[in-house]
$ cat work-v9.txt   # compact mmCIF, C-alpha atoms and all ligand atoms
# COMPACT_ATOMS: atom_id res chain seq x y z
CA MET A 1 -15.12 -40.91 -25.20
CA GLU A 2 -14.87 -37.59 -27.03
CA ILE A 3 -13.78 -39.37 -30.20
CA PHE A 4 -17.29 -40.86 -30.62
CA THR A 5 -19.01 -37.47 -30.57
CA GLN A 6 -19.97 -35.38 -33.60
CA ALA A 7 -16.79 -33.32 -33.17
CA GLY A 8 -14.82 -36.57 -33.03
CA GLY A 9 -16.47 -37.70 -36.26
CA ALA A 10 -15.57 -34.40 -37.91
CA MET A 11 -11.96 -34.87 -36.80
CA LEU A 12 -11.76 -38.54 -37.83
CA SER A 13 -13.19 -37.79 -41.27
CA ARG A 14 -10.67 -34.95 -41.60
CA TRP A 15 -7.87 -37.40 -40.74
CA GLY A 16 -9.16 -39.90 -43.32
CA HIS A 17 -9.38 -37.01 -45.76
CA TYR A 18 -5.70 -36.13 -45.23
CA LEU A 19 -4.61 -39.76 -45.66
CA ALA A 20 -6.65 -40.27 -48.84
CA GLY A 21 -5.81 -36.82 -50.24
CA VAL A 22 -2.07 -37.30 -49.67
CA THR A 23 -2.23 -40.68 -51.44
CA TRP A 24 -4.16 -39.26 -54.42
CA ILE A 25 -2.18 -36.07 -54.92
CA GLY A 26 1.13 -37.74 -54.01
CA LEU A 27 0.61 -40.25 -56.83
CA LEU A 28 -0.50 -37.44 -59.18
CA TYR A 29 2.80 -35.65 -58.50
CA TYR A 30 4.74 -38.92 -58.85
CA PHE A 31 3.19 -39.49 -62.29
CA ASN A 32 3.87 -35.94 -63.43
CA PHE A 33 7.22 -35.11 -61.88
CA VAL A 34 8.87 -38.56 -61.78
CA GLN A 35 7.25 -41.18 -64.00
CA VAL A 36 6.62 -39.26 -67.24
CA PRO A 37 10.17 -37.79 -67.48
CA SER A 38 11.76 -41.12 -66.43
CA PHE A 39 9.74 -43.23 -68.88
CA ALA A 40 10.91 -40.92 -71.70
CA GLN A 41 14.46 -42.16 -70.98
CA PHE A 42 13.58 -45.87 -70.66
CA ASP A 43 14.25 -48.21 -73.59
CA ALA A 44 11.12 -49.79 -75.15
CA ALA A 45 11.39 -53.14 -73.31
CA SER A 46 11.86 -51.57 -69.86
CA ARG A 47 9.03 -49.13 -70.51
CA SER A 48 6.68 -51.91 -71.54
CA ASP A 49 7.65 -53.86 -68.39
CA ALA A 50 6.93 -50.84 -66.21
CA VAL A 51 3.65 -50.03 -68.00
CA THR A 52 2.36 -53.58 -67.48
CA LYS A 53 3.63 -54.14 -63.91
CA LEU A 54 4.09 -50.79 -62.16
CA VAL A 55 1.54 -48.44 -63.73
CA PRO A 56 -1.62 -50.57 -63.06
CA ARG A 57 -0.70 -50.78 -59.37
CA ALA A 58 -0.03 -47.03 -59.11
CA LEU A 59 -3.29 -46.26 -60.95
CA TRP A 60 -5.29 -48.51 -58.59
CA TRP A 61 -4.16 -46.58 -55.53
CA PHE A 62 -4.54 -43.32 -57.45
CA ARG A 63 -8.15 -43.72 -58.50
CA PHE A 64 -9.48 -45.31 -55.28
CA ALA A 65 -7.65 -42.73 -53.16
CA ALA A 66 -9.54 -40.15 -55.26
CA VAL A 67 -12.85 -41.87 -54.35
CA LEU A 68 -11.95 -41.94 -50.64
CA THR A 69 -10.87 -38.29 -50.72
CA VAL A 70 -14.24 -37.21 -52.10
CA LEU A 71 -16.19 -39.41 -49.63
CA THR A 72 -14.25 -38.26 -46.57
CA GLY A 73 -14.53 -34.63 -47.75
CA ILE A 74 -18.33 -34.98 -47.93
CA ALA A 75 -18.24 -36.67 -44.50
CA ILE A 76 -16.49 -33.59 -43.01
CA LEU A 77 -19.27 -31.37 -44.36
CA GLY A 78 -21.86 -33.83 -42.99
CA PHE A 79 -20.37 -34.00 -39.47
CA ASN A 80 -20.11 -30.20 -39.43
CA GLU A 81 -23.79 -29.97 -40.51
CA GLN A 82 -22.80 -27.71 -43.38
CA LEU A 83 -24.81 -29.49 -46.05
CA SER A 84 -28.29 -28.47 -44.88
CA GLY A 85 -29.87 -25.17 -45.83
CA GLY A 86 -26.97 -23.81 -47.89
CA ALA A 87 -26.35 -20.91 -45.46
CA TYR A 88 -22.74 -22.03 -44.92
CA PHE A 89 -21.97 -21.74 -48.63
CA LYS A 90 -22.87 -18.03 -48.57
CA THR A 91 -20.08 -17.30 -46.05
CA ALA A 92 -16.43 -16.70 -46.95
CA PRO A 93 -15.33 -20.12 -45.58
CA GLY A 94 -18.24 -21.73 -47.48
CA ILE A 95 -17.25 -20.01 -50.72
CA SER A 96 -13.64 -21.03 -50.10
CA ILE A 97 -14.40 -24.73 -49.57
CA ALA A 98 -16.90 -24.74 -52.46
CA THR A 99 -14.13 -23.44 -54.72
CA GLY A 100 -11.76 -26.16 -53.50
CA ILE A 101 -14.47 -28.79 -53.98
CA LEU A 102 -15.27 -27.53 -57.50
CA LEU A 103 -11.60 -27.88 -58.48
CA ALA A 104 -11.33 -31.30 -56.78
CA LEU A 105 -14.49 -32.59 -58.52
CA VAL A 106 -13.16 -31.54 -61.93
CA MET A 107 -9.95 -33.39 -61.03
CA PHE A 108 -11.98 -36.43 -59.95
CA ALA A 109 -13.87 -36.41 -63.27
CA ASN A 110 -10.53 -36.29 -65.09
CA VAL A 111 -9.22 -39.28 -63.11
CA TRP A 112 -12.22 -41.54 -63.78
CA GLY A 113 -13.42 -40.07 -67.07
CA VAL A 114 -10.15 -39.50 -68.94
CA ILE A 115 -6.91 -40.62 -67.24
CA TRP A 116 -8.03 -44.13 -66.24
CA PRO A 117 -9.91 -45.06 -69.48
CA LYS A 118 -7.05 -43.73 -71.64
CA GLN A 119 -4.38 -45.41 -69.53
CA ARG A 120 -6.26 -48.71 -69.88
CA ILE A 121 -5.73 -48.44 -73.65
CA VAL A 122 -2.01 -47.74 -73.12
CA ILE A 123 -1.64 -50.67 -70.68
CA ALA A 124 -3.57 -53.09 -72.95
CA SER A 125 -1.35 -52.11 -75.88
CA ALA A 126 1.83 -52.70 -73.84
CA GLU A 127 0.45 -56.10 -72.75
CA GLN A 128 -0.21 -57.02 -76.38
CA VAL A 129 3.37 -56.08 -77.31
CA ALA A 130 4.75 -58.05 -74.34
CA ALA A 131 2.81 -61.10 -75.60
CA GLY A 132 4.49 -60.73 -79.01
CA GLY A 133 1.69 -58.81 -80.72
CA GLN A 134 1.43 -55.39 -82.37
CA PRO A 135 0.88 -52.13 -80.45
CA ASP A 136 -2.63 -50.64 -80.60
CA PRO A 137 -2.52 -47.73 -83.09
CA GLU A 138 -4.86 -45.80 -80.73
CA ALA A 139 -2.39 -46.01 -77.82
CA ALA A 140 -0.30 -42.92 -78.63
CA ALA A 141 -3.36 -40.64 -78.91
CA ALA A 142 -4.79 -42.14 -75.71
CA GLY A 143 -1.50 -41.53 -73.90
CA ARG A 144 -1.48 -37.91 -75.06
CA LYS A 145 -5.05 -37.34 -73.77
CA ALA A 146 -4.20 -38.92 -70.41
CA LEU A 147 -1.08 -36.74 -70.16
CA LEU A 148 -2.96 -33.49 -70.86
CA ALA A 149 -5.67 -34.37 -68.32
CA SER A 150 -3.05 -35.37 -65.74
CA ARG A 151 -1.16 -32.08 -66.21
CA THR A 152 -4.49 -30.21 -65.95
CA ASN A 153 -5.02 -31.93 -62.59
CA THR A 154 -1.54 -30.90 -61.46
CA LEU A 155 -2.38 -27.31 -62.40
CA LEU A 156 -5.75 -27.39 -60.57
CA SER A 157 -4.27 -29.11 -57.51
CA ILE A 158 -2.27 -25.98 -56.59
CA PRO A 159 -5.26 -23.65 -55.97
CA MET A 160 -7.43 -26.64 -54.89
CA LEU A 161 -5.14 -27.43 -51.96
CA PHE A 162 -4.86 -23.74 -51.13
CA PHE A 163 -8.65 -23.49 -50.73
CA MET A 164 -8.75 -26.66 -48.62
CA GLY A 165 -6.48 -25.00 -46.04
CA PHE A 166 -7.69 -21.41 -46.58
CA THR A 167 -11.24 -22.36 -45.52
CA SER A 168 -10.46 -22.71 -41.81
CA HIS A 169 -7.18 -20.87 -41.63
CA LEU A 170 -7.66 -17.45 -43.28
CA SER A 171 -10.87 -17.03 -45.29
CA GLY A 172 -12.74 -15.85 -42.16
CA VAL A 173 -10.81 -12.56 -42.18
CA TYR A 174 -12.42 -11.59 -45.51
CA GLU A 175 -15.94 -10.15 -45.73
CA LEU A 176 -17.74 -12.84 -43.75
CA THR A 177 -20.97 -12.93 -45.73
CA PRO A 178 -20.40 -11.38 -49.18
CA LYS A 179 -23.46 -9.85 -50.87
CA GLY A 180 -25.43 -11.85 -53.44
CA GLY A 181 -24.07 -9.78 -56.35
CA GLU A 182 -20.48 -10.32 -55.23
CA ARG A 183 -21.05 -14.03 -54.94
CA GLY A 184 -22.74 -14.14 -58.33
CA LEU A 185 -19.81 -12.38 -59.99
CA TYR A 186 -17.33 -14.63 -58.17
CA TRP A 187 -19.03 -17.82 -59.32
CA ALA A 188 -19.63 -16.61 -62.88
CA VAL A 189 -15.93 -15.77 -63.40
CA THR A 190 -14.66 -18.80 -61.45
CA LEU A 191 -16.85 -21.22 -63.40
CA LEU A 192 -15.84 -19.65 -66.71
CA VAL A 193 -12.13 -19.97 -65.89
CA VAL A 194 -12.45 -23.57 -64.64
CA VAL A 195 -14.59 -24.66 -67.62
CA LEU A 196 -12.13 -23.12 -70.10
CA ILE A 197 -9.18 -24.85 -68.40
CA GLU A 198 -11.03 -28.17 -68.45
CA LEU A 199 -12.18 -27.91 -72.07
CA ASN A 200 -8.67 -26.99 -73.17
CA GLY A 201 -7.08 -29.72 -71.02
CA THR A 202 -9.33 -32.41 -72.47
CA GLY A 203 -8.82 -31.22 -76.05
CA ARG A 204 -12.46 -30.21 -76.54
CA ILE A 205 -11.12 -26.75 -77.32
CA GLY A 206 -8.19 -26.68 -79.72
CA GLY A 207 -7.72 -30.48 -80.01
CA THR A 208 -4.82 -32.30 -78.36
CA ALA A 209 -1.96 -31.29 -80.69
CA PRO A 210 0.73 -28.96 -79.30
CA GLY A 211 -0.05 -25.29 -79.85
CA PRO A 212 -0.11 -21.96 -78.01
CA THR A 213 -3.13 -22.89 -75.85
CA LYS A 214 -1.42 -26.13 -74.79
CA ALA A 215 1.96 -24.59 -73.95
CA TYR A 216 1.30 -24.57 -70.19
CA LEU A 217 0.64 -28.34 -70.35
CA GLU A 218 3.69 -29.36 -72.42
CA THR A 219 6.16 -29.64 -69.53
CA HIS A 220 5.50 -30.17 -65.84
CA LYS A 221 7.57 -27.06 -65.12
CA ASN A 222 5.21 -24.91 -67.23
CA THR A 223 2.24 -26.55 -65.52
CA ILE A 224 3.56 -25.75 -62.04
CA ILE A 225 4.15 -22.10 -63.03
CA ALA A 226 0.63 -21.93 -64.49
CA GLY A 227 -0.78 -23.47 -61.27
CA PHE A 228 0.74 -20.68 -59.19
CA ALA A 229 -0.52 -18.11 -61.72
CA LEU A 230 -4.02 -19.56 -61.32
CA TRP A 231 -3.64 -19.31 -57.54
CA GLY A 232 -2.55 -15.65 -58.03
CA PHE A 233 -5.69 -15.00 -60.05
CA PHE A 234 -7.89 -16.43 -57.28
CA ILE A 235 -6.21 -14.55 -54.45
CA LEU A 236 -6.34 -11.26 -56.38
CA PHE A 237 -10.02 -11.87 -57.05
CA TRP A 238 -10.67 -12.49 -53.33
CA GLU A 239 -8.76 -9.33 -52.38
CA LEU A 240 -10.69 -7.19 -54.90
CA LEU A 241 -14.13 -8.71 -54.33
CA PHE A 242 -14.35 -9.73 -50.68
C1 LIG B 301 -14.56 -33.36 -53.84
C2 LIG B 301 -13.49 -33.55 -53.11
C3 LIG B 301 -13.27 -32.88 -51.78
C4 LIG B 301 -14.18 -32.51 -50.82
C5 LIG B 301 -15.70 -32.68 -50.84
C6 LIG B 301 -13.43 -31.92 -49.76
C7 LIG B 301 -13.97 -31.38 -48.60
C8 LIG B 301 -13.23 -30.79 -47.60
C9 LIG B 301 -13.79 -30.16 -46.43
C10 LIG B 301 -15.27 -30.04 -46.11
C11 LIG B 301 -12.78 -29.69 -45.69
C12 LIG B 301 -12.86 -28.96 -44.36
C13 LIG B 301 -12.80 -27.48 -44.57
C14 LIG B 301 -12.82 -26.76 -43.26
O1 LIG B 301 -13.93 -26.49 -42.78
O2 LIG B 301 -11.74 -26.51 -42.72
C15 LIG B 301 -11.55 -30.02 -46.37
C16 LIG B 301 -10.30 -29.71 -45.90
C17 LIG B 301 -9.14 -30.18 -46.46
N1 LIG B 301 -9.02 -30.93 -47.58
FE1 LIG B 301 -10.56 -31.42 -48.84
N2 LIG B 301 -12.09 -31.96 -50.07
C18 LIG B 301 -11.96 -32.56 -51.29
C19 LIG B 301 -10.77 -32.80 -51.94
C20 LIG B 301 -9.53 -32.71 -51.37
C21 LIG B 301 -8.31 -33.13 -52.00
C22 LIG B 301 -8.19 -33.75 -53.40
C23 LIG B 301 -7.32 -32.91 -51.13
C24 LIG B 301 -5.89 -33.24 -51.41
C25 LIG B 301 -4.95 -33.45 -50.57
C26 LIG B 301 -7.88 -32.32 -49.95
C27 LIG B 301 -7.19 -31.93 -48.82
C28 LIG B 301 -7.71 -31.21 -47.78
C29 LIG B 301 -6.93 -30.59 -46.72
C30 LIG B 301 -5.42 -30.68 -46.56
C31 LIG B 301 -7.81 -29.92 -45.92
C32 LIG B 301 -7.44 -29.03 -44.77
C33 LIG B 301 -8.04 -29.43 -43.47
C34 LIG B 301 -7.74 -28.44 -42.37
O3 LIG B 301 -7.41 -27.28 -42.59
O4 LIG B 301 -7.85 -28.90 -41.25
N3 LIG B 301 -9.23 -32.21 -50.13
N4 LIG B 301 -11.85 -30.69 -47.52

$ encode --input "work-v9.txt" --output "structure tokens"
Amino acid sequence: MEIFTQAGGAMLSRWGHYLAGVTWIGLLYYFNFVQVPSFAQFDAASRSDAVTKLVPRALWWFRFAAVLTVLTGIAILGFNEQLSGGAYFKTAPGISIATGILLALVMFANVWGVIWPKQRIVIASAEQVAAGGQPDPEAAAAGRKALLASRTNTLLSIPMLFFMGFTSHLSGVYELTPKGGERGLYWAVTLLVVVLIELNGTGRIGGTAPGPTKAYLETHKNTIIAGFALWGFFILFWELLF
């Protein structure tokens, strides 16, 4: 019964990780590439119907798939005994997966800390309107914040998913155990870039109004281009540093 061994556990958690990850990121792409542009063309009554009946269901799968993705990801590390000692995280594959995990955790924080709370305001407002009441005056600003955070997640998902695969499928050909100084520089620059993206995407830098720093979040096309540019930055950095 090989499936009940440690290697089997590592494989089963990987499988669960794929299923949960596909559900989470699939819904993220549905929201960004399909729902937002379609809702812009709906009339008010149809939109309110969809916001009260379709969106809550989609958001349920979205946010609990995010939880399962994180848990199964940690389970893979556990089965592979990569969590103890920290030695793994000094290797190229360790740095690769830590980068993917950093991006995924920022995305997770955006799901539970911004997108879901703001969408609850939007849904509650649509429910009030459906019951014959007035829309919540906060709803438009909440919708804008959720949109910016959701586009930020789309942007981050492009390099995040790269690092998930890169870990076992290419990172080993780079300098296997980079020196402490190289790792320090890598993490200092990586953290700075990720923090700036997050602060801008949540409006803590520059507010939420459209402007030059928000241009890459204004359309999903711009966000996709920016996601590949961010991937380009990472791969160039790996080539130069490791
Ligand atoms: C905090 C969240 C996450 C954690 C802790 C995590 C952890 C991991 C770990 C430990 C691996 C195995 C790396 C290896 O040794 O090959 C992995 C691989 C992978 N992860 Fe994640 N992950 C997270 C988020 C995500 C998300 C959001 C997705 C989205 C789909 C995802 C998709 C994948 C894929 C496709 C692989 C590749 C597996 C392979 O090459 O066999 N992960 N992840």

$ atom_distance --input "work-v9.txt" --atom1 "CA of Gly211 (chain A)" --atom2 "CA of Arg144 (chain A)"
13.6 Å

$ atom_distance --input "work-v9.txt" --atom1 "CA of Phe4 (chain A)" --atom2 "CA of Leu71 (chain A)"
19.1 Å

$ residues_near_ligand --input "work-v9.txt" --ligand "ligand LIG 301 (chain B)" --cutoff "7 Å" --atoms "all atoms listed in the file" --output "list in words"
Arg14, His17, Tyr18, Gly21, Val22, Trp24, Ile25, Ala66, Thr69, Val70, Leu71, Gly73, Ile74, Ile76, Leu77, Ile97, Gly100, Ile101, Leu102, Ala104, Leu105, Leu161, Met164, Gly165, Thr167, Ser168 and His169 of chain A

$ closest_residue --input "work-v9.txt" --among "A:Leu192, A:Thr213, A:Thr177, A:Val34" --to "Ala87 (chain A)" --atoms "only C-alpha atoms"
A:Thr177

$ residues_around --input "work-v9.txt" --residues "Arg120 (chain A)" --least-positions-apart "6" --cutoff "12 Å" --atoms "all atoms listed in the file" --output "number ranges by chain"
A: 51-52, 55-56, 59-60, 111-114, 126-127, 136, 138-139, 142-143, 146

$ closest_residue --input "work-v9.txt" --among "A:Leu156, A:Ala226, A:Lys145, A:Leu176" --to "Ala209 (chain A)" --atoms "all atoms listed in the file"
A:Lys145

$ atom_distance --input "work-v9.txt" --atom1 "CA of Gly132 (chain A)" --atom2 "CA of Arg63 (chain A)"
29.5 Å

$ closest_residue --input "work-v9.txt" --among "A:Ala58, A:Ala7, A:Leu28, A:Ala45" --to "Ala131 (chain A)" --atoms "all atoms listed in the file"
A:Ala45

$ residues_around --input "work-v9.txt" --residues "Lys179 (chain A)" --least-positions-apart "3" --cutoff "12 Å" --atoms "all atoms listed in the file" --output "VMD selection string"
chain A and resid 90 to 92 95 175 to 176 182 to 186 241 to 242

$ closest_residue --input "work-v9.txt" --among "A:Gln35, A:Glu198, A:Phe228, A:Pro93" --to "Gly172 (chain A)" --atoms "only C-alpha atoms"
A:Pro93

$ residues_around --input "work-v9.txt" --residues "Pro135 (chain A)" --least-positions-apart "5" --cutoff "12 Å" --atoms "all atoms listed in the file" --output "ChimeraX atom specification"
/A:44,48,121-130,140

$ closest_residue --input "work-v9.txt" --among "A:Leu103, A:Thr72, A:Trp61, A:Ser171" --to "Glu239 (chain A)" --atoms "all atoms listed in the file"
A:Ser171

$ closest_residue --input "work-v9.txt" --among "A:Phe89, A:Phe42, A:Trp15, A:Phe31" --to "Leu68 (chain A)" --atoms "all atoms listed in the file"
A:Trp15

$ residues_around --input "work-v9.txt" --residues "region 215-225 of chain A" --least-positions-apart "2" --cutoff "12 Å" --atoms "all atoms listed in the file" --output "PyMOL selection string"
chain A and resi 28-37+144-159+197-198+200-203+206+208-213+227-232
